[in-house]
$ cat upload-v8.txt   # compact mmCIF, C-alpha atoms
# COMPACT_ATOMS: atom_id res chain seq x y z
CA SER A 178 19.06 -144.74 93.39
CA THR A 179 18.91 -141.17 94.70
CA ALA A 180 19.62 -139.63 91.27
CA PRO A 181 16.82 -137.33 90.09
CA PRO A 182 14.74 -138.56 87.15
CA PRO A 183 15.68 -137.15 83.74
CA MET A 184 13.75 -134.08 82.62
CA LEU A 185 11.22 -134.64 79.86
CA PRO A 186 11.14 -132.32 76.84
CA LEU A 187 8.61 -129.49 76.91
CA ALA A 188 5.84 -128.68 74.47
CA CYS A 189 5.75 -125.34 72.68
CA ASP A 190 2.84 -123.86 74.58
CA ASP A 191 2.04 -121.85 77.70
CA SER A 192 3.12 -124.74 79.94
CA ILE A 193 6.64 -123.34 79.54
CA LYS A 194 5.57 -120.34 81.65
CA THR A 195 5.31 -122.54 84.73
CA ALA A 196 7.86 -125.22 83.80
CA PHE A 197 10.72 -122.77 83.23
CA THR A 198 11.48 -120.90 86.45
CA PRO A 199 15.29 -120.54 86.66
CA ASP A 200 15.13 -117.77 89.28
CA GLY A 201 12.81 -115.22 90.84
CA ASP A 202 13.81 -112.46 88.41
CA THR A 203 12.93 -114.31 85.19
CA THR A 204 9.46 -114.32 83.64
CA VAL A 205 8.29 -116.07 80.48
CA VAL A 206 6.42 -113.30 78.67
CA ALA A 207 5.13 -115.31 75.71
CA VAL A 208 5.41 -118.63 73.88
CA ARG A 209 4.65 -118.73 70.17
CA GLN A 210 4.65 -121.54 67.60
CA ILE A 211 6.05 -120.44 64.25
CA LYS A 212 5.59 -122.47 61.08
CA LYS A 213 8.01 -122.77 58.18
CA GLY A 214 7.13 -120.20 55.54
CA GLU A 215 5.25 -117.95 57.98
CA ALA A 216 5.68 -114.21 57.36
CA LEU A 217 7.05 -112.40 60.40
CA ILE A 218 7.34 -108.71 61.26
CA ALA A 219 10.60 -107.92 63.06
CA GLN A 220 11.76 -104.56 64.37
CA ASP A 221 15.13 -104.85 62.65
CA SER A 222 13.68 -105.50 59.19
CA ALA A 223 12.00 -103.00 56.89
CA SER A 224 9.97 -105.75 55.23
CA PRO A 225 8.44 -109.03 56.46
CA ILE A 226 10.77 -112.03 56.78
CA THR A 227 9.95 -115.67 56.16
CA ALA A 228 10.64 -118.35 58.76
CA ALA A 229 13.01 -120.96 57.35
CA ALA A 230 11.73 -123.81 59.57
CA ASP A 231 9.23 -124.73 62.26
CA LEU A 232 10.27 -122.97 65.47
CA CYS A 233 9.19 -122.26 69.01
CA LEU A 234 9.76 -118.66 70.08
CA VAL A 235 10.00 -118.04 73.82
CA LYS A 236 10.23 -114.47 75.09
CA LEU A 237 11.76 -113.75 78.50
CA LEU A 238 12.03 -110.72 80.76
CA VAL A 239 14.84 -110.78 83.33
CA GLY A 240 14.54 -108.20 86.13
CA PRO A 241 14.92 -106.21 88.22
CA GLY A 242 15.39 -103.41 85.67
CA ALA A 243 16.87 -99.94 86.06
CA THR A 244 16.24 -99.29 89.74
CA ALA A 245 18.13 -95.97 89.69
CA GLU A 246 15.37 -94.34 87.64
CA THR A 247 12.14 -93.64 89.51
CA ASP A 248 10.27 -91.99 86.64
CA THR A 249 8.60 -94.94 84.89
CA ALA A 250 7.63 -92.71 81.95
CA ALA A 251 11.24 -91.77 81.24
CA ARG A 252 12.97 -93.40 78.28
CA SER A 253 15.82 -94.35 80.59
CA TYR A 254 13.48 -96.52 82.65
CA THR A 255 13.32 -100.24 81.92
CA LYS A 256 11.68 -103.22 83.60
CA GLY A 257 14.54 -105.54 82.78
CA ILE A 258 16.34 -107.41 80.02
CA GLY A 259 14.31 -108.77 77.13
CA ILE A 260 15.50 -112.05 75.60
CA GLU A 261 14.13 -114.05 72.66
CA VAL A 262 15.01 -117.74 72.38
CA TRP A 263 14.28 -119.53 69.11
CA LEU A 264 13.98 -123.31 69.39
CA PRO A 265 13.95 -125.73 66.45
CA THR A 266 11.85 -128.89 66.67
CA GLN A 267 13.31 -131.86 68.52
CA ALA A 268 14.09 -133.58 65.21
CA ASN A 269 15.81 -130.55 63.67
CA TRP A 270 17.91 -129.41 66.64
CA ASN A 271 21.65 -129.87 66.07
CA GLU A 272 22.29 -129.89 69.85
CA ARG A 273 24.04 -126.53 69.67
CA ILE A 274 23.35 -122.91 70.63
CA ARG A 275 24.31 -119.93 68.50
CA ASN A 276 23.57 -116.66 70.27
CA TYR A 277 23.75 -113.26 68.61
CA GLY A 278 24.90 -109.83 69.72
CA GLY A 279 23.15 -106.65 68.67
CA GLY A 280 24.00 -103.63 66.55
CA GLY A 281 24.06 -99.91 67.24
CA TRP A 282 22.18 -99.08 70.43
CA VAL A 283 20.45 -102.51 70.19
CA GLY A 284 17.00 -102.45 71.86
CA GLY A 285 13.96 -104.08 70.29
CA GLY A 286 10.70 -105.88 70.89
CA HIS A 287 12.16 -108.80 72.80
CA ARG A 288 10.05 -108.21 75.91
CA TYR A 289 6.72 -107.74 74.13
CA ALA A 290 4.38 -110.60 73.35
CA ASP A 291 3.18 -109.07 70.07
CA LYS A 292 6.57 -108.03 68.64
CA ILE A 293 9.72 -109.71 67.35
CA GLY A 294 12.99 -108.04 68.22
CA SER A 295 15.43 -109.76 65.86
CA LYS A 296 15.00 -111.34 62.43
CA VAL A 297 18.30 -113.24 62.40
CA PRO A 298 17.48 -116.54 64.15
CA ALA A 299 14.35 -117.20 62.10
CA ILE A 300 16.09 -116.86 58.75
CA VAL A 301 19.73 -117.74 59.45
CA ASN A 302 19.91 -120.29 62.25
CA ALA A 303 16.62 -122.03 61.58
CA ASN A 304 17.76 -124.03 58.55
CA MET A 305 20.99 -125.06 60.30
CA GLY A 306 19.31 -126.44 63.41
CA TYR A 307 20.74 -124.08 66.03
CA ALA A 308 18.81 -122.97 69.07
CA SER A 309 19.42 -119.25 69.27
CA GLY A 310 19.03 -116.33 71.66
CA THR A 311 19.02 -112.57 71.12
CA THR A 312 18.58 -109.73 73.62
CA ASP A 313 17.53 -106.08 73.65
CA ALA A 314 20.46 -105.40 76.01
CA GLY A 315 18.03 -104.07 78.60
CA GLN A 316 16.30 -101.46 76.46
CA PRO A 317 12.89 -101.60 74.71
CA TRP A 318 13.73 -98.64 72.44
CA TYR A 319 15.13 -99.98 69.17
CA GLN A 320 18.35 -98.23 68.09
CA ASP A 321 17.74 -95.38 70.53
CA GLY A 322 20.48 -94.21 72.89
CA SER A 323 18.18 -92.04 74.99
CA PHE A 324 18.55 -94.47 77.91
CA THR A 325 22.13 -93.30 78.40
CA PHE A 326 20.99 -90.37 80.56
CA LEU A 327 18.59 -90.27 83.49
CA SER A 328 15.86 -87.66 83.85
CA SER A 329 18.20 -85.70 86.11
CA GLY A 330 20.75 -85.42 83.30
CA LYS A 331 23.21 -87.75 85.00
CA ILE A 332 24.76 -90.67 83.13
CA ASN A 333 22.70 -93.85 83.46
CA THR A 334 25.56 -95.97 84.80
CA GLU A 335 23.28 -98.83 85.82
CA SER A 336 21.80 -99.32 82.36
CA PHE A 337 25.22 -98.92 80.74
CA LEU A 338 26.44 -101.89 82.79
CA VAL A 339 23.40 -103.88 81.71
CA PHE A 340 23.95 -102.86 78.09
CA THR A 341 27.63 -103.81 78.03
CA THR A 342 27.78 -106.80 80.37
CA ARG A 343 24.82 -108.09 82.36
CA ALA A 344 22.48 -108.49 79.40
CA MET A 345 25.07 -110.58 77.58
CA VAL A 346 25.66 -112.80 80.61
CA GLU A 347 21.91 -113.28 81.18
CA GLN A 348 21.47 -114.07 77.49
CA ALA A 349 24.03 -116.88 77.71
CA VAL A 350 22.83 -118.28 81.04
CA LYS A 351 19.10 -118.13 80.33
CA THR A 352 19.39 -119.48 76.79
CA LYS A 353 21.36 -122.49 78.02
CA ALA A 354 18.90 -123.10 80.84
CA LEU A 355 15.84 -122.88 78.59
CA VAL A 356 17.37 -125.03 75.86
CA SER A 357 18.27 -127.72 78.38
CA ARG A 358 14.77 -127.65 79.84
CA TYR A 359 12.97 -127.57 76.49
CA TYR A 360 14.84 -130.49 74.93
CA GLY A 361 15.35 -132.42 78.15
CA LYS A 362 19.13 -132.41 77.74
CA ALA A 363 21.97 -129.91 77.73
CA PRO A 364 23.44 -128.60 74.47
CA LYS A 365 26.76 -130.06 73.38
CA TYR A 366 28.20 -126.67 72.44
CA ALA A 367 27.30 -122.99 72.70
CA TYR A 368 28.64 -120.27 70.41
CA TYR A 369 28.47 -116.47 70.32
CA ASP A 370 28.20 -114.50 67.06
CA GLY A 371 28.52 -110.71 67.22
CA HIS A 372 29.33 -107.92 64.79
CA SER A 373 29.72 -104.16 65.24
CA GLN A 374 28.23 -103.34 68.67
CA GLY A 375 27.65 -107.07 69.10
CA GLY A 376 31.32 -107.63 68.37
CA ARG A 377 32.30 -105.22 71.12
CA GLN A 378 29.88 -106.90 73.51
CA GLY A 379 31.31 -110.27 72.53
CA LEU A 380 34.89 -109.16 73.22
CA LYS A 381 33.76 -107.97 76.67
CA VAL A 382 32.13 -111.30 77.48
CA MET A 383 35.00 -113.32 76.03
CA GLN A 384 37.55 -111.52 78.19
CA GLU A 385 35.59 -111.48 81.44
CA PHE A 386 33.37 -114.59 81.15
CA PRO A 387 35.11 -116.91 78.65
CA GLU A 388 33.41 -119.97 80.14
CA LEU A 389 29.99 -118.88 78.89
CA TYR A 390 30.65 -120.06 75.34
CA ASP A 391 32.73 -122.72 73.60
CA GLY A 392 33.55 -120.41 70.69
CA TYR A 393 33.25 -116.78 69.65
CA LEU A 394 32.78 -115.32 66.17
CA ILE A 395 33.62 -111.61 66.41
CA GLY A 396 33.39 -109.41 63.33
CA GLN A 397 33.89 -105.67 62.83
CA PRO A 398 33.87 -104.92 66.59
CA LEU A 399 33.07 -101.33 67.46
CA ILE A 400 35.94 -100.99 69.90
CA SER A 401 36.09 -97.18 69.96
CA ALA A 402 32.77 -95.45 69.33
CA PRO A 403 34.28 -91.90 69.53
CA LEU A 404 36.88 -92.81 66.91
CA VAL A 405 34.26 -94.33 64.60
CA GLY A 406 32.03 -91.25 64.95
CA THR A 407 34.91 -88.87 64.25
CA THR A 408 36.03 -90.87 61.22
CA ALA A 409 32.53 -90.87 59.74
CA LEU A 410 32.15 -87.12 60.28
CA TYR A 411 35.59 -86.29 58.87
CA THR A 412 34.77 -87.58 55.40
CA GLN A 413 31.68 -85.37 55.27
CA ILE A 414 33.69 -82.30 56.31
CA VAL A 415 36.36 -82.92 53.65
CA MET A 416 33.80 -83.53 50.91
CA LYS A 417 31.76 -80.44 51.69
CA THR A 418 34.87 -78.28 52.05
CA GLU A 419 36.10 -79.34 48.61
CA LEU A 420 32.67 -78.55 47.17
CA GLY A 421 32.84 -75.05 48.60
CA TYR A 422 30.39 -75.33 51.47
CA SER A 423 30.92 -73.00 54.41
CA ALA A 424 31.53 -74.53 57.82
CA LEU A 425 28.71 -72.25 59.06
$ encode --input "upload-v8.txt" --output "structure tokens"
Amino acid sequence: STAPPPMLPLACDDSIKTAFTPDGDTTVVAVRQIKKGEALIAQDSASPITAAADLCLVKLLVGPGATAETDTAARSYTKGIGIEVWLPTQANWNERIRNYGGGGWVGGGHRYADKIGSKVPAIVNANMGYASGTTDAGQPWYQDGSFTFLSSGKINTESFLVFTTRAMVEQAVKTKALVSRYYGKAPKYAYYDGHSQGGRQGLKVMQEFPELYDGYLIGQPLISAPLVGTTALYTQIVMKTELGYSAL
């Protein structure tokens, strides 16, 4: 037979760094074993969280980054898209993926070996058996929209496209590829779960790349950021006006 031999499952160690090479732009930044009950510090949690199950955390960086910005010290500069993939043990995996969108300006510690960008997979998906991926949407700065402008003052169009589209596509593609390689077989289904900014990102992906997921759970999508901002400000203006505050 000329059929290639089946891929064997991978161990949760640094061997993943050489075994998982989907393309020339993707680097495995770190591999970390996490035990059930372990206390974890995540950038989107004010207090430590507790892992609900044994997991393997694999952190990826997908280049090439924001090539339009030449000042590497600028907050609009980025080396690429950070992705965290959380993998249950072979025995606990339900053969499904449940990826998450972000909130606000997203960002996080996804690309750093010593940080955790999102708390959700370790406490929500872990006890249900899902493999799960999250992304910083191309920005290391957590909940910071400073990347939206370049040092020149011009709009950072390149990073906006990463933030709204490319990061979400890479999240889906790379999570599927890593899950298939880690377990030695492809997942049966892949789902997307996004709320607020993640809901808006999910609607974008669902409309332009519907084949990436078998199902979408979209909640409270931030469809119009200007409208949301105006609505939030209006209530403050009315309240302060009624209390006698001057507009000045």
$ atom_distance --input "upload-v8.txt" --atom1 "atom CA of Asp221 of chain A" --atom2 "atom CA of Gly294 of chain A"
6.8 Å
$ atom_distance --input "upload-v8.txt" --atom1 "atom CA of Ile332 of chain A" --atom2 "atom CA of Gln348 of chain A"
24.3 Å
$ closest_atom_pairs --input "upload-v8.txt" --of "segment 350-419 of chain A" --to "segment 266-289 of chain A" --cutoff "9 Å" --atoms "only C-alpha atoms" --output "CSV"
residue,atom,partner,partner_atom,distance
A:Thr352,CA,A:Ile274,CA,8.1
A:Lys353,CA,A:Ile274,CA,7.7
A:Val356,CA,A:Ile274,CA,8.2
A:Tyr360,CA,A:Gln267,CA,6.7
A:Lys362,CA,A:Glu272,CA,8.9
A:Ala363,CA,A:Glu272,CA,7.9
A:Pro364,CA,A:Glu272,CA,4.9
A:Lys365,CA,A:Glu272,CA,5.7
A:Tyr366,CA,A:Arg273,CA,5.0
A:Ala367,CA,A:Ile274,CA,4.5
A:Tyr368,CA,A:Arg275,CA,4.7
A:Tyr369,CA,A:Asn276,CA,4.9
A:Asp370,CA,A:Tyr277,CA,4.9
A:Gly371,CA,A:Gly278,CA,4.5
A:His372,CA,A:Gly278,CA,6.9
A:Ser373,CA,A:Gly280,CA,5.9
A:Gln374,CA,A:Gly280,CA,4.7
A:Gly375,CA,A:Gly278,CA,3.9
A:Gly376,CA,A:Gly278,CA,6.9
A:Arg377,CA,A:Gly278,CA,8.8
A:Gln378,CA,A:Gly278,CA,6.9
A:Gly379,CA,A:Gly278,CA,7.0
$ atom_distance --input "upload-v8.txt" --atom1 "atom CA of Ala229 of chain A" --atom2 "atom CA of Thr311 of chain A"
17.2 Å
$ residues_around --input "upload-v8.txt" --residues "segment 240-249 of chain A" --least-positions-apart "4" --cutoff "7 Å" --atoms "all atoms listed in the file" --output "PyMOL selection string"
chain A and resi 202-203+254-258+327+335-336
$ axis_aligned_box --input "upload-v8.txt" --around "segment 373-385 of chain A" --padding-each-side "5 Å" --output "JSON"
{"center_x": 32.6, "center_y": -108.3, "center_z": 73.3, "size_x": 19.9, "size_y": 20.0, "size_z": 26.2}
$ residues_around --input "upload-v8.txt" --residues "Ala290 of chain A" --least-positions-apart "6" --cutoff "8 Å" --atoms "only C-alpha atoms" --output "list in words"
Val206, Ala207 and Lys236 of chain A
$ write_last_selection --input "upload-v8.txt" --atoms "C-alpha atoms" --output "short mmCIF file (atom, residue, chain, number, x, y, z; two decimals), in the coordinates of the input"
data_model
loop_
_atom_site.label_atom_id
_atom_site.label_comp_id
_atom_site.auth_asym_id
_atom_site.auth_seq_id
_atom_site.Cartn_x
_atom_site.Cartn_y
_atom_site.Cartn_z
CA VAL A 206 6.42 -113.30 78.67
CA ALA A 207 5.13 -115.31 75.71
CA LYS A 236 10.23 -114.47 75.09
#
$ residues_around --input "upload-v8.txt" --residues "Asp190 of chain A" --least-positions-apart "3" --cutoff "8 Å" --atoms "all atoms listed in the file" --output "list in words"
Ile193, Val208, Arg209 and Gln210 of chain A
$ closest_residue --input "upload-v8.txt" --among "A:Tyr393, A:Tyr411, A:Tyr422, A:Tyr359" --to "Ala196 of chain A" --atoms "all atoms listed in the file"
A:Tyr359
$ closest_residue --input "upload-v8.txt" --among "A:Glu419, A:Asp321, A:Gln316, A:Lys296" --to "Ser222 of chain A" --atoms "only C-alpha atoms"
A:Lys296
$ closest_residue --input "upload-v8.txt" --among "A:Val346, A:Pro265, A:Val301, A:Ser295" --to "Tyr390 of chain A" --atoms "only C-alpha atoms"
A:Val346
$ closest_residue --input "upload-v8.txt" --among "A:Leu380, A:Ala230, A:Val405, A:Val235" --to "Gly310 of chain A" --atoms "all atoms listed in the file"
A:Val235
$ closest_residue --input "upload-v8.txt" --among "A:Glu385, A:Asp291, A:Asp231, A:Asp191" --to "Met345 of chain A" --atoms "only C-alpha atoms"
A:Glu385
$ residues_around --input "upload-v8.txt" --residues "Leu264 of chain A" --least-positions-apart "4" --cutoff "7 Å" --atoms "all atoms listed in the file" --output "list of chain:residue names"
A:Leu232, A:Cys233, A:Leu234, A:Ala308, A:Ser309
$ closest_residue --input "upload-v8.txt" --among "A:Leu217, A:Ala314, A:Leu238, A:Val350" --to "Ile293 of chain A" --atoms "only C-alpha atoms"
A:Leu217
$ residues_around --input "upload-v8.txt" --residues "Ala228 of chain A" --least-positions-apart "4" --cutoff "10 Å" --atoms "only C-alpha atoms" --output "VMD selection string"
chain A and resid 211 to 217 232 296 to 301 303 to 304
